[in-house]
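Below: target_12.txt (compact mmCIF, C-alpha atoms and all ligand atoms)
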```txt
# COMPACT_ATOMS: atom_id res chain seq x y z
CA MET A 18 81.82 85.99 118.95
CA SER A 19 83.55 85.15 115.65
CA THR A 20 83.31 87.73 112.89
CA ARG A 21 81.74 85.08 110.68
CA ARG A 22 78.98 84.47 113.22
CA THR A 23 78.40 88.21 113.72
CA ARG A 24 78.01 88.66 109.99
CA THR A 25 75.81 85.58 109.79
CA ILE A 26 73.42 87.13 112.29
CA VAL A 27 73.42 90.47 110.47
CA ALA A 28 72.83 88.68 107.17
CA ALA A 29 70.04 86.58 108.68
CA LEU A 30 68.25 89.68 109.98
CA ALA A 31 68.55 91.33 106.59
CA THR A 32 67.12 88.22 104.93
CA VAL A 33 64.11 88.24 107.27
CA LEU A 34 63.43 91.91 106.54
CA LEU A 35 63.72 91.43 102.81
CA ALA A 36 62.05 88.06 102.63
CA GLY A 37 58.51 89.13 101.64
CA SER A 38 57.57 87.42 98.45
CA MET A 39 61.21 86.75 97.47
CA ALA A 40 62.54 83.25 97.51
CA ALA A 41 65.61 82.68 99.61
CA CYS A 42 68.57 84.43 98.11
CA GLY A 43 70.32 82.37 95.43
CA ASN A 44 73.60 84.22 94.96
CA SER A 45 75.79 81.19 94.80
CA ASP A 46 79.22 82.69 94.17
CA THR A 47 81.25 79.83 95.58
CA GLY A 48 82.98 80.62 98.76
CA GLY A 49 81.47 84.09 98.84
CA GLY A 50 79.64 85.11 101.93
CA ASP A 51 79.83 83.58 105.29
CA GLY A 52 82.40 80.91 104.81
CA GLY A 53 83.00 78.82 101.71
CA GLY A 54 80.20 76.67 100.32
CA ASP A 55 81.83 73.82 102.22
CA GLY A 56 82.16 75.73 105.49
CA LYS A 57 85.78 76.77 104.89
CA ILE A 58 87.07 80.15 106.01
CA VAL A 59 87.36 82.39 102.94
CA LEU A 60 90.42 84.64 102.74
CA GLY A 61 90.68 87.43 100.17
CA PHE A 62 94.35 88.22 99.54
CA SER A 63 95.60 91.13 97.45
CA GLN A 64 99.22 90.64 96.43
CA VAL A 65 101.48 93.51 95.29
CA GLY A 66 102.46 91.85 92.02
CA ALA A 67 105.27 89.65 90.71
CA GLU A 68 108.08 92.18 90.66
CA SER A 69 110.82 90.09 92.25
CA GLY A 70 112.03 86.63 93.23
CA TRP A 71 111.01 87.51 96.78
CA ARG A 72 107.45 88.21 95.68
CA THR A 73 107.21 84.93 93.77
CA ALA A 74 108.38 83.02 96.85
CA ASN A 75 105.90 84.95 99.00
CA THR A 76 102.99 84.12 96.68
CA THR A 77 103.94 80.43 96.67
CA SER A 78 104.18 80.43 100.47
CA ILE A 79 100.71 81.98 100.83
CA LYS A 80 99.03 79.70 98.29
CA ASP A 81 100.62 76.54 99.71
CA ALA A 82 99.83 77.51 103.30
CA ALA A 83 96.16 78.19 102.46
CA VAL A 84 95.80 74.69 101.00
CA GLU A 85 97.59 73.20 103.99
CA ALA A 86 95.35 75.09 106.44
CA GLY A 87 92.12 74.25 104.62
CA ILE A 88 91.40 77.92 103.93
CA GLU A 89 89.72 78.97 100.68
CA LEU A 90 91.93 81.61 99.09
CA LYS A 91 90.71 84.30 96.71
CA PHE A 92 93.98 85.64 95.31
CA ASP A 93 94.40 88.87 93.38
CA ASP A 94 97.60 90.18 91.74
CA ALA A 95 97.57 94.00 91.73
CA GLN A 96 100.44 94.40 89.28
CA GLN A 97 102.09 96.95 91.58
CA LYS A 98 99.15 99.36 91.28
CA GLN A 99 97.39 100.75 94.35
CA GLU A 100 94.14 101.29 92.45
CA ASN A 101 94.07 97.58 91.60
CA GLN A 102 94.52 96.69 95.26
CA ILE A 103 91.70 99.01 96.31
CA LYS A 104 89.46 97.45 93.64
CA ALA A 105 90.36 93.94 94.82
CA ILE A 106 89.61 94.80 98.46
CA ARG A 107 86.23 96.26 97.45
CA ASN A 108 85.47 93.05 95.53
CA PHE A 109 86.37 90.98 98.57
CA ILE A 110 84.01 93.10 100.68
CA GLN A 111 81.24 92.62 98.15
CA GLN A 112 81.85 88.87 98.15
CA LYS A 113 81.68 88.93 101.96
CA VAL A 114 84.89 87.02 102.48
CA ASP A 115 85.64 86.15 106.10
CA VAL A 116 89.06 87.84 106.30
CA ILE A 117 91.00 90.18 104.02
CA ALA A 118 94.80 90.22 103.95
CA PHE A 119 97.01 92.32 101.73
CA SER A 120 100.53 93.53 101.18
CA PRO A 121 100.10 97.26 100.49
CA VAL A 122 102.12 98.41 97.50
CA VAL A 123 102.61 101.86 99.08
CA GLU A 124 102.15 103.12 102.64
CA SER A 125 99.61 105.92 102.17
CA GLY A 126 96.04 106.22 100.96
CA TRP A 127 94.30 103.23 102.55
CA ASP A 128 92.00 104.76 105.15
CA THR A 129 88.82 104.90 103.04
CA VAL A 130 88.89 101.32 101.83
CA LEU A 131 90.02 99.99 105.21
CA LYS A 132 87.08 101.78 106.81
CA GLU A 133 84.77 100.14 104.28
CA ALA A 134 86.08 96.72 105.34
CA LYS A 135 85.70 97.61 109.00
CA ASP A 136 82.13 98.82 108.47
CA ALA A 137 81.37 95.52 106.72
CA GLY A 138 82.70 93.67 109.76
CA ILE A 139 85.55 92.04 107.83
CA PRO A 140 88.87 91.88 109.72
CA VAL A 141 91.98 92.96 107.80
CA ILE A 142 95.53 91.63 108.23
CA LEU A 143 98.52 93.49 106.78
CA THR A 144 101.28 91.24 105.55
CA ASP A 145 104.83 92.15 104.53
CA ARG A 146 104.27 95.90 104.13
CA ALA A 147 102.68 98.38 106.53
CA VAL A 148 100.32 101.33 106.00
CA ASP A 149 100.67 104.76 107.59
CA SER A 150 97.03 105.03 108.78
CA ALA A 151 96.77 106.88 112.09
CA ASP A 152 93.73 104.79 113.03
CA LYS A 153 95.20 101.45 114.07
CA THR A 154 91.74 99.94 114.53
CA LEU A 155 91.39 99.74 110.73
CA TYR A 156 93.37 96.50 110.74
CA LYS A 157 93.89 93.68 113.22
CA THR A 158 97.60 93.06 112.93
CA PHE A 159 100.75 93.40 110.85
CA LEU A 160 102.88 90.37 109.94
CA GLY A 161 106.26 91.00 108.32
CA SER A 162 109.81 92.26 108.61
CA ASP A 163 111.50 95.15 110.35
CA PHE A 164 112.63 96.96 107.21
CA VAL A 165 114.41 99.74 109.13
CA LYS A 166 116.52 97.09 110.83
CA GLU A 167 117.38 95.48 107.48
CA GLY A 168 118.65 98.84 106.17
CA ARG A 169 120.52 99.43 109.42
CA LEU A 170 122.24 96.02 109.27
CA ALA A 171 123.33 96.74 105.70
CA GLY A 172 124.74 100.13 106.76
CA GLU A 173 126.46 98.77 109.86
CA TRP A 174 128.24 96.14 107.81
CA LEU A 175 129.51 98.82 105.45
CA VAL A 176 130.70 101.02 108.32
CA GLU A 177 132.68 98.06 109.71
CA GLN A 178 134.21 97.23 106.31
CA THR A 179 135.27 100.80 105.58
CA LYS A 180 136.51 101.89 108.99
CA THR A 181 140.10 102.05 107.77
CA ALA A 182 139.24 103.55 104.38
CA ALA A 183 141.31 106.57 103.47
CA GLY A 184 139.24 109.19 101.70
CA PRO A 185 135.59 109.27 100.68
CA VAL A 186 133.51 106.16 99.94
CA ASN A 187 131.02 106.91 97.16
CA ILE A 188 127.74 105.03 97.53
CA VAL A 189 124.88 104.72 95.05
CA GLU A 190 121.49 103.54 96.26
CA LEU A 191 118.86 101.65 94.26
CA GLN A 192 115.62 102.29 96.10
CA GLY A 193 112.56 100.06 96.01
CA THR A 194 109.11 101.17 94.84
CA THR A 195 108.61 104.85 95.62
CA GLY A 196 106.34 105.33 98.64
CA SER A 197 106.51 101.68 99.71
CA ALA A 198 107.30 100.77 103.31
CA PRO A 199 110.43 98.74 102.46
CA ALA A 200 111.86 101.55 100.32
CA ASN A 201 111.15 104.22 102.95
CA ASP A 202 112.35 102.13 105.88
CA ARG A 203 115.45 100.57 104.33
CA LYS A 204 116.60 103.99 103.18
CA GLU A 205 116.04 105.37 106.67
CA GLY A 206 117.84 102.49 108.43
CA PHE A 207 120.84 102.58 106.10
CA ALA A 208 121.19 106.37 106.31
CA ALA A 209 121.03 106.25 110.12
CA ALA A 210 123.71 103.55 110.28
CA ILE A 211 126.23 105.47 108.17
CA ALA A 212 125.33 108.93 109.50
CA ALA A 213 128.25 109.21 111.93
CA ASN A 214 130.76 108.55 109.14
CA PRO A 215 131.08 111.64 106.94
CA ASN A 216 133.43 109.84 104.54
CA LEU A 217 130.54 107.54 103.54
CA LYS A 218 128.62 109.57 100.96
CA ILE A 219 125.45 108.65 99.07
CA VAL A 220 126.24 110.29 95.73
CA ALA A 221 123.10 109.10 93.89
CA SER A 222 119.83 107.49 94.97
CA GLN A 223 116.96 106.52 92.69
CA SER A 224 114.11 104.01 92.49
CA GLY A 225 114.48 100.78 90.52
CA ASP A 226 110.97 99.70 91.58
CA PHE A 227 112.29 96.43 93.08
CA LYS A 228 112.71 95.07 89.51
CA ARG A 229 115.74 93.53 87.82
CA ALA A 230 115.32 95.42 84.53
CA ASP A 231 114.90 98.75 86.30
CA GLY A 232 117.90 98.03 88.52
CA LYS A 233 120.02 97.52 85.42
CA GLN A 234 118.78 100.66 83.73
CA VAL A 235 119.22 102.93 86.74
CA MET A 236 122.69 101.49 87.44
CA GLU A 237 123.69 102.31 83.86
CA GLN A 238 122.73 105.93 84.53
CA PHE A 239 124.58 105.93 87.84
CA LEU A 240 127.73 104.62 86.16
CA LYS A 241 127.58 107.24 83.42
CA ALA A 242 127.10 110.09 85.88
CA ASN A 243 129.51 108.88 88.59
CA PRO A 244 132.84 107.46 87.43
CA ASP A 245 134.01 106.65 90.96
CA ILE A 246 131.35 104.45 92.52
CA ASP A 247 132.70 102.38 95.41
CA VAL A 248 129.51 100.84 96.80
CA LEU A 249 126.03 99.91 95.60
CA PHE A 250 123.28 99.54 98.19
CA ALA A 251 120.27 97.94 96.46
CA HIS A 252 117.00 97.63 98.40
CA ASN A 253 116.53 94.09 97.03
CA ASP A 254 118.43 91.28 95.34
CA ASP A 255 116.66 91.64 92.02
CA MET A 256 117.74 95.24 91.49
CA GLY A 257 121.26 94.23 92.55
CA LEU A 258 121.23 91.40 90.01
CA GLY A 259 120.13 93.81 87.25
CA ALA A 260 122.87 96.22 88.34
CA LEU A 261 125.47 93.41 88.04
CA GLU A 262 124.87 93.36 84.30
CA ALA A 263 125.35 97.11 84.02
CA ILE A 264 128.53 97.00 86.12
CA THR A 265 130.02 94.18 84.07
CA ALA A 266 129.07 95.92 80.81
CA ALA A 267 130.86 99.03 82.08
CA GLY A 268 134.06 96.96 82.40
CA LYS A 269 134.04 96.82 86.21
CA VAL A 270 134.18 93.76 88.42
CA PRO A 271 131.13 93.44 90.71
CA GLY A 272 132.04 92.54 94.27
CA LYS A 273 135.59 93.89 93.78
CA ASP A 274 135.61 97.25 92.00
CA ILE A 275 132.16 97.96 93.40
CA THR A 276 131.04 96.50 96.73
CA ILE A 277 127.44 95.34 96.47
CA ILE A 278 125.06 95.16 99.43
CA THR A 279 121.47 93.99 98.95
CA ILE A 280 118.41 92.83 100.90
CA ASP A 281 116.27 89.66 100.62
CA ALA A 282 118.58 86.62 100.27
CA VAL A 283 116.55 84.82 97.59
CA LYS A 284 118.36 82.00 95.77
CA ASP A 285 119.68 84.09 92.86
CA GLY A 286 120.95 86.73 95.26
CA MET A 287 122.58 84.11 97.49
CA GLN A 288 124.22 82.55 94.42
CA ALA A 289 125.67 85.95 93.43
CA LEU A 290 126.93 86.34 97.00
CA ALA A 291 128.45 82.86 97.05
CA ASP A 292 130.09 83.61 93.68
CA GLY A 293 131.72 86.75 95.08
CA LYS A 294 129.64 89.17 92.95
CA PHE A 295 127.65 90.48 95.91
CA ASN A 296 129.37 91.25 99.21
CA PHE A 297 126.63 91.23 101.85
CA ILE A 298 122.89 90.52 102.10
CA ALA A 299 120.46 91.36 104.89
CA GLU A 300 117.74 88.74 104.86
CA CYS A 301 114.03 89.46 104.40
CA SER A 302 111.93 86.31 104.65
CA PRO A 303 109.05 85.84 102.18
CA LEU A 304 107.81 82.68 103.93
CA LEU A 305 104.85 84.36 105.62
CA GLY A 306 102.14 81.91 104.53
CA PRO A 307 101.91 79.55 107.53
CA GLN A 308 101.90 82.38 110.10
CA LEU A 309 99.35 84.28 108.04
CA MET A 310 96.96 81.32 107.98
CA GLU A 311 97.25 80.96 111.77
CA LEU A 312 96.35 84.62 112.14
CA VAL A 313 93.45 84.29 109.71
CA LYS A 314 91.98 81.52 111.83
CA LYS A 315 92.42 83.54 115.00
CA VAL A 316 90.95 86.82 113.80
CA GLU A 317 88.08 84.97 112.14
CA ALA A 318 87.34 83.35 115.51
CA GLY A 319 87.39 86.77 117.16
CA GLU A 320 90.55 86.00 119.15
CA GLU A 321 92.97 88.74 120.19
CA VAL A 322 96.24 88.83 118.23
CA PRO A 323 99.41 90.89 118.77
CA ALA A 324 99.39 94.24 116.96
CA ARG A 325 102.68 93.46 115.23
CA ILE A 326 104.43 90.17 114.51
CA GLU A 327 107.96 90.35 113.13
CA THR A 328 109.75 87.69 111.14
CA GLU A 329 113.09 86.39 112.39
CA GLU A 330 115.88 87.23 109.98
CA THR A 331 119.65 87.11 109.65
CA THR A 332 122.46 88.43 107.45
CA PHE A 333 124.87 86.70 105.07
CA THR A 334 128.50 87.22 104.12
CA GLN A 335 129.95 85.43 101.07
CA GLU A 336 131.21 82.57 103.23
CA GLN A 337 127.85 82.18 105.01
CA ALA A 338 126.02 82.19 101.67
CA ARG A 339 128.16 79.30 100.43
CA GLU A 340 127.20 77.32 103.53
CA ALA A 341 123.50 78.20 103.42
CA LEU A 342 122.85 77.84 99.68
CA PRO A 343 122.40 74.06 99.48
CA ASN A 344 119.50 74.17 101.95
CA ARG A 345 117.93 77.41 100.79
CA LYS A 346 114.21 76.93 100.17
CA TYR A 347 113.61 79.95 97.94
O1 LIG B 401 108.09 94.10 100.57
C1 LIG B 401 109.17 93.24 100.45
C2 LIG B 401 110.00 93.63 99.27
O2 LIG B 401 109.19 93.61 98.11
C3 LIG B 401 111.14 92.71 98.95
O3 LIG B 401 112.32 93.02 99.60
C4 LIG B 401 111.29 92.96 97.49
O4 LIG B 401 112.12 92.05 96.83
C5 LIG B 401 109.86 92.90 97.10
O5 LIG B 401 109.59 93.24 95.85
```
Before anything else, please render the file you have as structure tokens.
Amino acid sequence: MSTRRTRTIVAALATVLLAGSMAACGNSDTGGGDGGGDGKIVLGFSQVGAESGWRTANTTSIKDAAVEAGIELKFDDAQQKQENQIKAIRNFIQQKVDVIAFSPVVESGWDTVLKEAKDAGIPVILTDRAVDSADKTLYKTFLGSDFVKEGRLAGEWLVEQTKTAAGPVNIVELQGTTGSAPANDRKEGFAAAIAANPNLKIVASQSGDFKRADGKQVMEQFLKANPDIDVLFAHNDDMGLGALEAITAAGKVPGKDITIITIDAVKDGMQALADGKFNFIAECSPLLGPQLMELVKKVEAGEEVPARIETEETTFTQEQAREALPNRKY
């Protein structure tokens, strides 16, 4: 039985019990409750924020896909704050949306609110970022990337490029948002890939919160503290793009004096790669909207869905970026 129908029955029983002298309930919050006013599925979506080009493309993909699929979307921007996401999810529960989806800003601390959604009979879909809840029944599925693999691909490329290097290779790392799945996993994957090469040394590693301005500021500090940086590994394009400014201002040539490896492959990042300022990008696709809407329809109908659905992704060298850029959608 679909979750909407289950909740309709529960709601109907409650109405009968409460009916008495009250007129039929008139809470007419459009789209709230069991389907939109016009019978559409109602999806409550809590987005992380607007911290990067990737995030902007992801938001566009979700909004466009909802329109395309005929799903009513209640969209909330959490401005990179977990408390805002928890508040948004509670609002969605109160509004009795049919399905909740969200991209969790950090991995931990979701069990209570996810249990509230489960108790209300509202299925939850995780998109883009995972949670570390031990109870996997708190959500229906996860749709997104293998972040460990992205970090590993970045590290493997570096190992290949430096296999004839004489002497140490000094690496600085710009991490994503502290406690977020992509920051944790990309760090882990990269570290594992370079582990067998003691000449590859991470000499500094700090969060730039996935933002361009923070990437610039942290890179300035790295450059002051470490005169001999050979490689920058940035957990996303935006931080890498911010770091470019700091590197240039320090009188160094990005892509030559300092090898730059990033993750995402959004247009600005691909342009920097094509221009020779970046050296390698591991792709992370933000175009999750259409798959998410398919999943929303399925979980709303009570259908089984795979526990984890991973996006197909690739990597880009400078040459490949030049080829791919003209057809890049985001
Ligand atoms: O969760 C995906 C990451 O979040 C992207 O790599 C980054 O750009 C974004 O902010």
List as a list of chain:residue names the protein and nucleic acid residues lying within 7 Å of ligand LIG 401 (chain B), with all atoms listed in the file counted. A:Glu68, A:Ser69, A:Gly70, A:Trp71, A:Arg72, A:Asp145, A:Arg146, A:Pro199, A:Phe227, A:His252, A:Asn253, A:Asp254, A:Asp255, A:Ile280, A:Asp281, A:Cys301
Could you please give me, as a VMD selection string, the residues of protein, DNA or RNA lying at most 8 Å from (129.4, 87.8, 101.9) in the coordinate frame of the file, considering only C-alpha atoms? chain A and resid 290 to 291 293 295 to 298 333 to 338
At most 12 Å from (118.5, 105.7, 107.2), file frame, only C-alpha atoms: which residues, as a ChimeraX atom specification? /A:164-173,190,192,199-213,219,250
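Here CA of Ile110 in chain A stands at a distance of 26.1 Å from CA of Pro303 in chain A.
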Rank A:Asp274, A:Asp292, A:Asp285, A:Glu262 by their smallest atom-to-atom distance to Ile246 in chain A, using all atoms listed in the file, and report the top residue only.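 The answer is A:Asp274, which sits nearest to Ile246 in chain A.
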Neighbours of Gln64 in chain A within 7 Å (only C-alpha atoms; same-chain residues fewer than 4 positions away dropped), as a list of chain:residue names?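 Skipping anything fewer than 4 positions along the chain leaves A:Asp93, A:Asp94, A:Ala95, A:Phe119, A:Ser120.
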For the selection just defined, write its residues with C-alpha atoms to a file, as an mmCIF file, keeping the file's coordinate frame.
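In the end it all went to result27.cif:
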```
data_model
loop_
_atom_site.group_PDB
_atom_site.id
_atom_site.type_symbol
_atom_site.label_atom_id
_atom_site.label_comp_id
_atom_site.auth_asym_id
_atom_site.auth_seq_id
_atom_site.Cartn_x
_atom_site.Cartn_y
_atom_site.Cartn_z
ATOM 1 C CA ASP A 93 94.400 88.870 93.380
ATOM 2 C CA ASP A 94 97.600 90.180 91.740
ATOM 3 C CA ALA A 95 97.570 94.000 91.730
ATOM 4 C CA PHE A 119 97.010 92.320 101.730
ATOM 5 C CA SER A 120 100.530 93.530 101.180
#
```
Please provide as a PyMOL selection string all residues within 7 Å of range 124-128 of chain A, with the sequence filter that same-chain residues fewer than 3 positions apart are discarded (counting only C-alpha atoms). chain A and resi 121+131-132+147-150+196-198
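You can rank A:Leu143, A:Ile278, A:Lys269, A:Glu85 by their closest distance to Trp174 in chain A using all atoms listed in the file, and at the top of that list sits A:Ile278.
Closest approach to Pro215 in chain A among A:Pro323, A:Gly193, A:Pro307, A:Pro185 is made by A:Pro185 (distances from only C-alpha atoms).
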Provide range 53-64 of chain A rebuilt to all heavy atoms, formatted as a compact mmCIF listing (two decimals), in the coordinates of the input.
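Once written, rebuild_18.txt looks like this:
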```txt
# COMPACT_ATOMS: atom_id res chain seq x y z
N GLY A 53 83.12 79.45 103.01
CA GLY A 53 83.00 78.82 101.71
C GLY A 53 81.77 77.95 101.67
O GLY A 53 81.18 77.65 102.71
N GLY A 54 81.37 77.53 100.46
CA GLY A 54 80.20 76.67 100.32
C GLY A 54 80.33 75.44 101.21
O GLY A 54 79.37 74.91 101.72
N ASP A 55 81.58 75.01 101.43
CA ASP A 55 81.83 73.82 102.22
C ASP A 55 82.23 74.15 103.66
O ASP A 55 82.87 73.35 104.33
CB ASP A 55 82.91 72.99 101.55
CG ASP A 55 84.09 73.87 101.10
OD1 ASP A 55 84.11 75.05 101.50
OD2 ASP A 55 84.96 73.37 100.39
N GLY A 56 81.88 75.36 104.10
CA GLY A 56 82.16 75.73 105.49
C GLY A 56 83.58 76.20 105.75
O GLY A 56 83.95 76.46 106.88
N LYS A 57 84.39 76.31 104.70
CA LYS A 57 85.78 76.77 104.89
C LYS A 57 85.81 78.27 105.17
O LYS A 57 84.96 79.01 104.66
CB LYS A 57 86.59 76.51 103.62
CG LYS A 57 87.03 75.10 103.42
CD LYS A 57 87.86 75.05 102.14
CE LYS A 57 88.48 73.68 101.92
NZ LYS A 57 89.24 73.63 100.68
N ILE A 58 86.83 78.70 105.88
CA ILE A 58 87.07 80.15 106.01
C ILE A 58 87.50 80.65 104.63
O ILE A 58 88.31 80.01 103.95
CB ILE A 58 88.20 80.43 107.03
CG1 ILE A 58 87.78 79.97 108.43
CG2 ILE A 58 88.58 81.90 107.02
CD1 ILE A 58 88.90 80.07 109.46
N VAL A 59 86.97 81.81 104.23
CA VAL A 59 87.36 82.39 102.94
C VAL A 59 88.26 83.60 103.18
O VAL A 59 87.87 84.54 103.88
CB VAL A 59 86.12 82.81 102.11
CG1 VAL A 59 86.56 83.39 100.77
CG2 VAL A 59 85.21 81.62 101.88
N LEU A 60 89.45 83.55 102.60
CA LEU A 60 90.42 84.64 102.74
C LEU A 60 90.60 85.34 101.39
O LEU A 60 90.93 84.70 100.39
CB LEU A 60 91.78 84.06 103.19
CG LEU A 60 92.99 85.00 103.10
CD1 LEU A 60 92.86 86.17 104.08
CD2 LEU A 60 94.29 84.23 103.35
N GLY A 61 90.38 86.65 101.37
CA GLY A 61 90.68 87.43 100.17
C GLY A 61 92.07 88.01 100.34
O GLY A 61 92.33 88.71 101.32
N PHE A 62 92.98 87.71 99.41
CA PHE A 62 94.35 88.22 99.54
C PHE A 62 94.74 89.04 98.32
O PHE A 62 94.68 88.57 97.19
CB PHE A 62 95.34 87.06 99.71
CG PHE A 62 96.75 87.55 99.96
CD1 PHE A 62 97.15 87.85 101.25
CD2 PHE A 62 97.64 87.74 98.93
CE1 PHE A 62 98.43 88.34 101.50
CE2 PHE A 62 98.93 88.22 99.17
CZ PHE A 62 99.32 88.52 100.47
N SER A 63 95.14 90.28 98.54
CA SER A 63 95.60 91.13 97.45
C SER A 63 97.12 91.23 97.50
O SER A 63 97.68 91.83 98.42
CB SER A 63 94.96 92.52 97.54
OG SER A 63 95.61 93.39 96.65
N GLN A 64 97.76 90.65 96.50
CA GLN A 64 99.22 90.64 96.43
C GLN A 64 99.70 91.86 95.65
O GLN A 64 99.01 92.34 94.74
CB GLN A 64 99.68 89.34 95.75
CG GLN A 64 101.17 89.17 95.58
CD GLN A 64 101.94 89.18 96.90
OE1 GLN A 64 102.06 90.21 97.55
NE2 GLN A 64 102.49 88.03 97.29
```
